[in-house]
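S.K.: The structure file run13.txt (compact mmCIF, C-alpha atoms) is provided below.
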```txt
# COMPACT_ATOMS: atom_id res chain seq x y z
CA MET S 1 38.08 54.84 15.08
CA SER S 2 36.37 57.28 17.46
CA LEU S 3 35.59 56.44 21.08
CA GLN S 4 31.87 56.42 20.24
CA ALA S 5 32.44 53.91 17.44
CA LYS S 6 34.59 51.72 19.70
CA GLN S 7 31.96 51.80 22.45
CA SER S 8 29.22 50.95 19.96
CA VAL S 9 31.19 47.97 18.65
CA LEU S 10 32.01 46.84 22.20
CA ALA S 11 28.39 47.07 23.37
CA SER S 12 27.15 45.26 20.26
CA ALA S 13 29.77 42.52 20.64
CA ILE S 14 28.92 41.99 24.32
CA VAL S 15 25.23 41.70 23.53
CA LEU S 16 25.73 39.32 20.60
CA ILE S 17 28.26 37.07 22.33
CA ILE S 18 26.16 36.71 25.46
CA ILE S 19 22.93 36.09 23.53
CA ILE S 20 24.61 33.44 21.35
CA ALA S 21 26.24 31.70 24.36
CA ASP S 22 23.02 31.88 26.38
CA GLN S 23 20.80 30.55 23.60
CA ALA S 24 23.27 27.82 22.63
CA MET S 25 23.43 26.61 26.23
CA LYS S 26 19.65 26.72 26.64
CA LEU S 27 19.02 24.83 23.39
CA TRP S 28 21.65 22.24 24.28
CA VAL S 29 20.16 21.69 27.75
CA HIS S 30 16.64 21.48 26.28
CA SER S 31 17.72 18.86 23.75
CA ALA S 32 20.07 16.84 26.01
CA PHE S 33 18.18 16.85 29.36
CA TYR S 34 14.66 16.22 30.53
CA ILE S 35 13.07 18.73 32.89
CA GLY S 36 14.47 18.23 36.37
CA GLU S 37 17.45 16.19 35.20
CA SER S 38 20.75 17.05 36.84
CA PHE S 39 24.35 16.46 35.85
CA LYS S 40 26.96 16.95 38.58
CA ILE S 41 30.13 18.62 37.33
CA THR S 42 31.84 19.23 40.68
CA GLU S 43 30.85 18.87 44.33
CA TRP S 44 29.46 22.40 44.26
CA PHE S 45 28.32 22.88 40.63
CA SER S 46 25.72 21.04 38.55
CA LEU S 47 23.68 21.50 35.42
CA VAL S 48 19.97 21.16 36.18
CA TYR S 49 17.24 21.62 33.58
CA VAL S 50 14.58 23.93 35.03
CA GLU S 51 11.95 25.99 33.23
CA ASN S 52 11.09 29.28 34.90
CA ASP S 53 7.66 30.79 34.22
CA GLY S 54 8.18 34.00 36.18
CA ILE S 55 10.83 36.61 36.73
CA ALA S 56 13.96 36.16 38.83
CA PHE S 57 14.01 32.91 40.82
CA GLY S 58 10.62 31.86 39.43
CA ILE S 59 8.63 34.62 41.16
CA GLU S 60 5.32 35.10 39.33
CA LEU S 61 3.95 38.61 39.77
CA PHE S 62 2.02 39.35 36.58
CA ASP S 63 0.29 37.66 33.70
CA LYS S 64 2.95 36.15 31.43
CA LEU S 65 2.00 38.34 28.45
CA ILE S 66 2.24 41.53 30.52
CA LEU S 67 5.60 40.42 31.93
CA THR S 68 6.98 39.61 28.47
CA LEU S 69 5.76 42.91 26.98
CA PHE S 70 7.20 44.80 29.97
CA ARG S 71 10.59 43.13 29.40
CA ILE S 72 10.50 44.13 25.74
CA VAL S 73 9.63 47.77 26.52
CA VAL S 74 12.37 48.01 29.18
CA SER S 75 14.92 46.47 26.80
CA GLY S 76 13.93 48.93 24.09
CA ALA S 77 14.42 51.79 26.55
CA LEU S 78 17.78 50.31 27.52
CA ILE S 79 18.89 50.23 23.88
CA TRP S 80 17.96 53.91 23.56
CA TYR S 81 19.76 54.72 26.83
CA ILE S 82 22.96 52.92 25.78
CA ALA S 83 22.99 54.88 22.51
CA HIS S 84 22.36 58.09 24.48
CA CYS S 85 25.23 57.31 26.87
CA ILE S 86 27.58 56.60 23.98
CA ARG S 87 26.67 59.94 22.37
CA ARG S 88 27.20 61.74 25.71
CA GLY S 89 30.63 60.20 26.18
CA GLU S 90 29.86 58.12 29.26
CA SER S 91 32.55 55.76 30.49
CA THR S 92 33.21 52.53 28.65
CA LEU S 93 32.75 50.65 31.94
CA PHE S 94 29.24 52.08 32.35
CA ILE S 95 28.33 51.18 28.77
CA THR S 96 29.73 47.68 29.32
CA CYS S 97 27.51 47.28 32.41
CA LEU S 98 24.45 48.40 30.47
CA ALA S 99 25.32 46.07 27.57
CA LEU S 100 25.59 43.12 29.99
CA ILE S 101 22.16 43.91 31.41
CA LEU S 102 20.65 44.32 27.93
CA ALA S 103 22.19 41.06 26.72
CA GLY S 104 20.79 39.14 29.67
CA ALA S 105 17.36 40.67 29.33
CA THR S 106 17.30 39.94 25.61
CA GLY S 107 18.37 36.33 26.14
CA ASN S 108 15.45 35.77 28.50
CA ILE S 109 13.03 37.66 26.24
CA ILE S 110 13.86 35.26 23.39
CA ASP S 111 12.79 32.36 25.63
CA CYS S 112 9.53 34.06 26.62
CA VAL S 113 8.58 35.14 23.12
CA PHE S 114 9.53 32.05 21.12
CA TYR S 115 10.15 28.93 23.21
CA GLY S 116 6.51 28.17 24.01
CA LYS S 117 5.63 28.11 20.31
CA VAL S 118 8.87 26.48 19.09
CA PHE S 119 8.73 23.70 21.70
CA GLY S 120 4.96 23.29 21.38
CA TYR S 121 3.68 24.03 24.87
CA ALA S 122 2.38 27.62 24.63
CA PRO S 123 1.63 30.43 22.17
CA TYR S 124 4.11 33.20 21.33
CA PHE S 125 4.95 35.45 24.31
CA TYR S 126 4.07 32.73 26.85
CA GLY S 127 7.28 30.69 26.83
CA ARG S 128 9.28 29.74 29.89
CA VAL S 129 12.90 30.71 30.52
CA ILE S 130 15.32 27.79 30.57
CA ASP S 131 17.65 27.74 33.58
CA MET S 132 20.47 25.27 34.18
CA LEU S 133 23.32 26.60 36.34
CA SER S 134 23.14 25.31 39.90
CA PHE S 135 25.59 25.96 42.71
CA SER S 136 25.32 24.19 46.07
CA PHE S 137 25.91 27.46 47.94
CA PHE S 138 23.21 29.37 45.99
CA PRO S 139 19.86 27.54 45.78
CA PRO S 140 18.19 29.24 42.77
CA VAL S 141 18.97 27.74 39.35
CA PHE S 142 19.81 30.38 36.72
CA ASN S 143 21.27 30.81 33.22
CA ILE S 144 23.93 32.76 31.34
CA ALA S 145 21.51 35.64 30.68
CA ASP S 146 20.76 35.95 34.39
CA SER S 147 24.49 35.90 35.08
CA ALA S 148 25.09 38.74 32.62
CA ILE S 149 22.41 40.87 34.29
CA THR S 150 23.85 40.13 37.72
CA VAL S 151 27.44 40.91 36.67
CA GLY S 152 26.32 44.17 35.03
CA VAL S 153 24.45 45.29 38.14
CA PHE S 154 27.25 44.25 40.53
CA LEU S 155 29.87 46.06 38.45
CA MET S 156 27.72 49.19 38.62
CA LEU S 157 27.45 48.85 42.39
CA ILE S 158 31.14 48.13 42.90
CA PHE S 159 32.25 51.03 40.71
CA SER S 160 29.33 53.34 41.50
CA LYS S 161 31.53 56.16 42.85
CA LYS S 162 33.55 56.11 39.64
CA LEU S 163 30.51 55.73 37.37
CA PHE S 164 28.18 58.20 39.07
CA LYS S 165 30.23 61.26 39.91
CA GLU S 166 28.66 64.12 41.84
CA ASP S 167 28.63 66.33 38.73
CA GLY S 168 25.47 64.54 37.62
CA LYS S 169 27.00 62.17 35.06
```
Can you give me the file's structure in the form of C-alpha cells?

M.R.:
Amino acid sequence: MSLQAKQSVLASAIVLIIIIADQAMKLWVHSAFYIGESFKITEWFSLVYVENDGIAFGIELFDKLILTLFRIVVSGALIWYIAHCIRRGESTLFITCLALILAGATGNIIDCVFYGKVFGYAPYFYGRVIDMLSFSFFPPVFNIADSAITVGVFLMLIFSKKLFKEDGK
C-alpha cells in the first residue's frame, strides 16, 4: 500500500472513529440526562448536560444559519485541503492534525444541522451542540468533537517547526 493510500485510510479512520464516539456520547447524554444535570465522576471531572447555541464556549457571533453554513463550507475546504496534502506528500502527523480538526468540526456540524429537527426544538440547521465534559480546573463544558479540534490544533503548535519547514511546506 502506498503512503498516500495509508494516509487516506488513516485520515478517514480518525474522522469516522471520532464522529462515532462523539455522536454516541452526545446521544447517550441527551437520552440519559436532563439539561443542566451533572454526574460527578471524580473530584475534578463530571459529566454535565449543556446545549451550546454558539461557537466555542457558547459565544454567539452570527445568526445560527450563517454559522452552520460557514462551518459546512470550512469543513468542505478542509476535506479538499487534506486530499491536497496527501497528494503532495505532506507528513502523516500534519494530516493526522487536519483529520482531528475535520472530525471535530463535522461532529459539531451534525448537531447544528440535525439535532434541532430530530429533538423537536428547531428547524434543520438551527440545532444546538451538546456538550458534557466538565473539568473543575477548566470552566467551559465541551465535548469529544471540541477535544479533537483542540488536540489537532495543539499538536500543530507543538510540532510546528517540524510541520512547517522553511522551504514552504

S.K.: Between S:Leu65, S:Ile95, S:Met132, S:Ile110, which has the minimum distance to Met156 of chain S (counting only C-alpha atoms)?

M.R.: S:Ile95

S.K.: If we count all atoms listed in the file and set the cut-off at 9 Å, which residues sit around Leu98 of chain S, ignoring sequence neighbours fewer than 2 positions away in its own chain? Please answer as a ChimeraX atom specification.

M.R.: /S:11,78-79,81-82,93-96,100-103,149,152-153,156

S.K.: Mind pulling up the distance from atom CA of Tyr115 of chain S to atom CA of Gly127 of chain S?

M.R.: 4.9 Å

S.K.: List the neighbours of Ile66 of chain S out to 12 Å using only C-alpha atoms; skip same-chain residues closer than 4 positions along the sequence, and give me the result as a PyMOL selection string.

M.R.: chain S and resi 54-55+60-62+70-73+112-113+125-126

S.K.: Go through S:Asn143, S:Ser91, S:Ser75, S:Gln4 one by one, measure the shortest atom-to-atom distance of each to Lys26 of chain S using only C-alpha atoms, and give the residue with the smallest value.

M.R.: S:Asn143

S.K.: Any idea what the distance is between atom CA of Ser136 of chain S and atom CA of Glu37 of chain S?

M.R.: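 Distance between the two atoms: 15.6 Å.
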
S.K.: Pick the closest to Leu10 of chain S from S:Thr68, S:Pro140, S:Ser31, S:Cys97: which is it, counting all atoms listed in the file?

M.R.: S:Cys97

S.K.: To one decimal place in Å, what is the distance between atom CA of Val118 of chain S and atom CA of Ala77 of chain S?

M.R.: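 Answer for the atom CA of Val118 of chain S to atom CA of Ala77 of chain S separation: 27.0 Å.
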
S.K.: Compare S:Asp131, S:Glu90, S:Asp146, S:Asp111 by their minimum atom-to-atom distance to Val29 of chain S, counting all atoms listed in the file, and give me the closest one.

M.R.: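 Looking at the shortest contact to Val29 of chain S, the residue is S:Asp131.
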
S.K.: With only C-alpha atoms as the basis for distance, which of S:Tyr124, S:Ile19, S:Ile130, S:Val9 is at the shortest distance from Tyr34 of chain S?

M.R.: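 With only C-alpha atoms as the atom set, the closest residue is S:Ile130.
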
S.K.: Point out the residue among S:Ile86, S:Phe159, S:Ser147, S:Gly107 with the least atom-to-atom distance to Leu16 of chain S, counting all atoms listed in the file.

M.R.: S:Gly107

S.K.: For segment 125-150 of chain S, supply N, CA and C atoms and format the output as a PDB file, in the frame of the given file.

M.R.:
```pdb
ATOM      1  N   PHE S 125       4.940  34.547  23.158  1.00  0.00           N
ATOM      2  CA  PHE S 125       4.950  35.450  24.310  1.00  0.00           C
ATOM      3  C   PHE S 125       4.624  34.754  25.637  1.00  0.00           C
ATOM      4  N   TYR S 126       4.400  33.455  25.622  1.00  0.00           N
ATOM      5  CA  TYR S 126       4.070  32.730  26.850  1.00  0.00           C
ATOM      6  C   TYR S 126       5.093  31.636  27.173  1.00  0.00           C
ATOM      7  N   GLY S 127       6.266  31.707  26.578  1.00  0.00           N
ATOM      8  CA  GLY S 127       7.280  30.690  26.830  1.00  0.00           C
ATOM      9  C   GLY S 127       7.905  30.815  28.202  1.00  0.00           C
ATOM     10  N   ARG S 128       8.570  29.759  28.603  1.00  0.00           N
ATOM     11  CA  ARG S 128       9.280  29.740  29.890  1.00  0.00           C
ATOM     12  C   ARG S 128      10.774  29.901  29.636  1.00  0.00           C
ATOM     13  N   VAL S 129      11.451  30.519  30.594  1.00  0.00           N
ATOM     14  CA  VAL S 129      12.900  30.710  30.520  1.00  0.00           C
ATOM     15  C   VAL S 129      13.583  29.429  30.978  1.00  0.00           C
ATOM     16  N   ILE S 130      14.568  28.989  30.213  1.00  0.00           N
ATOM     17  CA  ILE S 130      15.320  27.790  30.570  1.00  0.00           C
ATOM     18  C   ILE S 130      16.490  28.190  31.465  1.00  0.00           C
ATOM     19  N   ASP S 131      16.556  27.546  32.631  1.00  0.00           N
ATOM     20  CA  ASP S 131      17.650  27.740  33.580  1.00  0.00           C
ATOM     21  C   ASP S 131      18.390  26.428  33.735  1.00  0.00           C
ATOM     22  N   MET S 132      19.692  26.510  34.067  1.00  0.00           N
ATOM     23  CA  MET S 132      20.470  25.270  34.180  1.00  0.00           C
ATOM     24  C   MET S 132      21.672  25.329  35.100  1.00  0.00           C
ATOM     25  N   LEU S 133      22.115  26.480  35.518  1.00  0.00           N
ATOM     26  CA  LEU S 133      23.320  26.600  36.340  1.00  0.00           C
ATOM     27  C   LEU S 133      22.943  26.517  37.815  1.00  0.00           C
ATOM     28  N   SER S 134      23.497  25.540  38.503  1.00  0.00           N
ATOM     29  CA  SER S 134      23.140  25.310  39.900  1.00  0.00           C
ATOM     30  C   SER S 134      24.401  25.172  40.747  1.00  0.00           C
ATOM     31  N   PHE S 135      24.476  26.001  41.773  1.00  0.00           N
ATOM     32  CA  PHE S 135      25.590  25.960  42.710  1.00  0.00           C
ATOM     33  C   PHE S 135      25.062  25.556  44.083  1.00  0.00           C
ATOM     34  N   SER S 136      25.782  24.686  44.766  1.00  0.00           N
ATOM     35  CA  SER S 136      25.320  24.190  46.070  1.00  0.00           C
ATOM     36  C   SER S 136      25.177  25.299  47.103  1.00  0.00           C
ATOM     37  N   PHE S 137      25.948  26.366  46.974  1.00  0.00           N
ATOM     38  CA  PHE S 137      25.910  27.460  47.940  1.00  0.00           C
ATOM     39  C   PHE S 137      24.921  28.552  47.575  1.00  0.00           C
ATOM     40  N   PHE S 138      24.189  28.388  46.449  1.00  0.00           N
ATOM     41  CA  PHE S 138      23.210  29.370  45.990  1.00  0.00           C
ATOM     42  C   PHE S 138      22.021  28.610  45.413  1.00  0.00           C
ATOM     43  N   PRO S 139      20.950  28.435  46.180  1.00  0.00           N
ATOM     44  CA  PRO S 139      19.860  27.540  45.780  1.00  0.00           C
ATOM     45  C   PRO S 139      19.178  27.826  44.432  1.00  0.00           C
ATOM     46  N   PRO S 140      18.901  29.071  44.038  1.00  0.00           N
ATOM     47  CA  PRO S 140      18.190  29.240  42.770  1.00  0.00           C
ATOM     48  C   PRO S 140      19.028  28.753  41.571  1.00  0.00           C
ATOM     49  N   VAL S 141      18.347  28.148  40.611  1.00  0.00           N
ATOM     50  CA  VAL S 141      18.970  27.740  39.350  1.00  0.00           C
ATOM     51  C   VAL S 141      18.813  28.920  38.391  1.00  0.00           C
ATOM     52  N   PHE S 142      19.844  29.228  37.603  1.00  0.00           N
ATOM     53  CA  PHE S 142      19.810  30.380  36.720  1.00  0.00           C
ATOM     54  C   PHE S 142      20.512  30.045  35.415  1.00  0.00           C
ATOM     55  N   ASN S 143      20.665  31.039  34.538  1.00  0.00           N
ATOM     56  CA  ASN S 143      21.270  30.810  33.220  1.00  0.00           C
ATOM     57  C   ASN S 143      22.318  31.880  32.912  1.00  0.00           C
ATOM     58  N   ILE S 144      22.891  31.805  31.745  1.00  0.00           N
ATOM     59  CA  ILE S 144      23.930  32.760  31.340  1.00  0.00           C
ATOM     60  C   ILE S 144      23.360  34.176  31.265  1.00  0.00           C
ATOM     61  N   ALA S 145      22.135  34.312  30.766  1.00  0.00           N
ATOM     62  CA  ALA S 145      21.510  35.640  30.680  1.00  0.00           C
ATOM     63  C   ALA S 145      21.357  36.254  32.065  1.00  0.00           C
ATOM     64  N   ASP S 146      20.882  35.454  33.019  1.00  0.00           N
ATOM     65  CA  ASP S 146      20.760  35.950  34.390  1.00  0.00           C
ATOM     66  C   ASP S 146      22.111  36.368  34.949  1.00  0.00           C
ATOM     67  N   SER S 147      23.132  35.587  34.620  1.00  0.00           N
ATOM     68  CA  SER S 147      24.490  35.900  35.080  1.00  0.00           C
ATOM     69  C   SER S 147      24.970  37.231  34.517  1.00  0.00           C
ATOM     70  N   ALA S 148      24.675  37.480  33.239  1.00  0.00           N
ATOM     71  CA  ALA S 148      25.090  38.740  32.620  1.00  0.00           C
ATOM     72  C   ALA S 148      24.420  39.932  33.300  1.00  0.00           C
ATOM     73  N   ILE S 149      23.130  39.797  33.590  1.00  0.00           N
ATOM     74  CA  ILE S 149      22.410  40.870  34.290  1.00  0.00           C
ATOM     75  C   ILE S 149      23.042  41.110  35.657  1.00  0.00           C
ATOM     76  N   THR S 150      23.282  40.034  36.375  1.00  0.00           N
ATOM     77  CA  THR S 150      23.850  40.130  37.720  1.00  0.00           C
ATOM     78  C   THR S 150      25.240  40.771  37.699  1.00  0.00           C
TER      79      THR S 150
END
```
